Amino acid sequence: MDDYLIFALAKGRLADIAADRFASAGFGRAELFGNSRKLIFTDENTRCRFFLAKAGDVPTYVETGAADVGVAGKDVLLEAGASVAELLDLGFGKCRVVVAGKPEAAALVREGNDIRVATKYPNIARAYFNDKLGKTVEIYKLSGSVELGAAVGLSDVIVDIVETGSTLRENGLVVVDTIAWSSARLIANRVSMKLKSARIAGLVGALGVAGA
Amino acid sequence: MRNNRLHTPDGVSDFLGGECERKRAAERAIAGVFAAYGYREAQSPTFEYFDVYGSGGTADERVFRFIDRDGAVLALRPDMTPACLRIAATRYAAADAPFRLSYIAETFRRGEDYHGKRREITQAGAELIGATGESAFAEMITVSVESLISAGLTDFRLDMGSARFFRALLAELGLDGERGRELQSYILSGDFVAAGNLTESIDAPSGPKQLMRSLPLFIGGSEALERAAALVTGSEAMAALAALSETKRRVDLYGMGKYVGFDLSMIGALDYYTGIIWNAYAPGAAAAVLFGGQYDGLSARFGANYPAVGFAINVNTLLDSLGAAPSVADVLLVAADADCADEAILAAKELRRGGARAQLSLIGWGAEKNADYARRQGLRGLVYIRPGLAEVTDFAAGTRETKKTRVENGKWTII
């Protein structure tokens with residue numbers, strides 16, 4: 001039962017940060033990924049295996065048990081609605097999920113209805129507008145450069161993540177409301193939490209102390 | 001366009017051949033354990049009034065509902081527990097309690113749209129209605145463990161938690177009402193980060209705060225209970241932990257303790273579960289294979305006042321962890337030369353009488369084509385009948401023997 005502990009990480013800069021944190025907690029080793037284009041990496045010494053997935057797929061890998069634990073942004077978790085345990089706020093990858101639009105959009109969101117929303121996060125957008133504001137929306141799912149949606153008039157507003165807000169400003173958009181604050185979370189498969197409880201508790205303990 | 005006639009809807013599936021046999025074998029083994037402990041099988045209707053199931057253990061929006069001729073709302077059963085409580089409350093006299101009921105039945109739930117969640121689930125469960133306390137819990141947990149073992153599961157873990165303990169912990173933190181519910185919903189959805197943040201923000205004693213902030217670390221053996229006991233102070237929380245510990249001691253007496261541990265992060269839907277809760281998990285399954293608990297309030301919905309404790313095995317999930325079905329069926333194909341058709345009937349009858357499973361080839365193929373058919377069907381072997389002879393081929397063993405036979409008084413025998 002106690003074989004490899006399997007980690008799913010989102011490809012990119014955050015994977016390196018996460019892997020370093022895990023390495024200093026005694027899981028895996030530093031510079032595990034190097035410049036390799038492989039997707040799966042194993043560290044025999046600590047019995048850990050890491051794989052690199054698309055950020056939005058990490059919750060699915062963990063929910064189904066293909067990975068025991070993973071690192072995903074809160075924004076991705078809110079959108080995926082996957083049944084996973086969220087164990088720790090790792091504190092990096094901080095951003096906000098916001099509603100943004102041209103300056104006149106604020107009034108529309110406040111008073112209008114039948115709002116057109118462009119987003120990569122249709123579930124978050126629908127929950128915010130339908131459940132929180134009680135407004136009907138038409139949602140356009142885009143896969144990138146979401147700012148463009150509001151800038152060229154495809155939609156009235158966008159729902160997207162922002163770190164500094166500079167991309168919004170450069171495209172003439174302003175933040176209308178913050179829906180959620182996001183940062184990287186350590187998540188775990190709910191069955192692995194039972195069957196590999198000692199190792200996962202060890203990981204949470206080591207990361208929790210390191211992050212405190 | 002997709003032709004729906006050729007597909008099954010999401011979340012339901014066919015069970016064929018070895019897979020179906022394996023499912024039935026697991027169900028039979030489990031039923032044997034239920035019977036051995038005196039749990040008598042109950043069959044309830046596949047659909048009943050929604051009122052039986054509404055606001056029960058399954059969220060209302062996940063119950064399949066439809067409308068009867070007279071406008072009454074009917075529901076496909078999402079689980080069996082409410083029906084068992086209804087049966088105990090309305091079909092049996094209170095003086096005859098406690099009741100031990102069991103069932104193996106298909107249950108139906110609206111799943112999410114994707115993630116491959118099943119909408120038709122076979123559940124095998126037992127309910128002990130009208131009895132409570134550690135002896136009742138220990139019996140039910142033992143029956144849980146033995147049922148899983150009987151079905152062939154060897155590598156699994158059953159964890160006990162307590163809704164009563166969680167309520168006591170909320171009280172120690174001074175979290176009642178809205179904030180308590182918020183915390184509960186975070187923990188139920190597995191968001192321990194939000195639960196930790198909420199706990200951090202309140203003014204409360206440090207022991208209970210530390211426990212609530214790090215609930216997932218309280219999974220394990222009795223040392224997890226001891227660590228928890230050192231952090232709480234109230235008598236109710238201590239009593240809830242003592243009940244878990246005493247239940248475990250009794251399960252040890254039954255000899256099943258090595259499968260059983262604790263998980264204090266498991267709190268159950270609190271309006272449903274009132275005390276002990278347990279789940280069993282096995283590698284290869286993405287969800288609990290078994291879940292159970294104490295729900296003392298449920299019978300009140302049917303006008304009775306029974307404490308109750310019960311569990312259900314999710315048979316489909318259990319099959320996932322048992323691994324792939326055997327591909328060879330333990331069946332012999334009996335085929336014959338054209339002039340030996342009568343002899344083949346007698347031979348098949350004789351093989352069955354001897355305990356074998358035998359199917360008769362009804363088509364006048366020769367030996368080679370019959371062997372080919374038997375292999376493709378995944379059968380164990382071929383018995384090919386010729387005048388006074390039987391050629392017995394066992395594909396798995398790779399053996400082939402020719403035996404002399406005779407027919408006397410309508411009875412076929414190998415000499």
# chains A, B, ... in the order shown; residues from 1 in each chain; ligands from 1
>>> select_by_dssp(residues="region 42-183 of chain A", states="strand (DSSP E or B)", output="ChimeraX atom specification")
/A:42-43,48-53,69-73,85-89,95-101,115-119,137-141,157-162,174-182
>>> closest_atom_pairs(of="chain B", to="chain A", cutoff="6 Å", atoms="only C-alpha atoms", output="tab-separated table")
residue	atom	partner	partner_atom	distance
B:Gly190	CA	A:Ala85	CA	4.1
B:Asp191	CA	A:Glu86	CA	4.7
B:Phe192	CA	A:Leu87	CA	5.3
B:Val193	CA	A:Leu88	CA	5.6
B:Leu217	CA	A:Ala201	CA	5.5
B:Ala286	CA	A:Thr64	CA	5.5
>>> atom_distance(atom1="CA of Ala204 (chain B)", atom2="CA of Glu172 (chain B)")
7.8 Å
>>> closest_residue(among="B:Ala348, B:Ile87, B:Ala374, B:Val309", to="Val328 (chain B)", atoms="only C-alpha atoms")
B:Ala374
>>> closest_residue(among="B:Arg157, B:Cys84, B:Thr58, B:Ala358", to="Ala269 (chain B)", atoms="only C-alpha atoms")
B:Thr58
>>> closest_residue(among="A:Val117, A:Ala206, A:Ala100, A:Ala184", to="Thr167 (chain A)", atoms="only C-alpha atoms")
A:Ala100
>>> residues_around(residues="Ala138 (chain B)", least_positions_apart="6", cutoff="6 Å", atoms="only C-alpha atoms", output="list of chain:residue names")
B:Thr247, B:Arg250, B:Val251
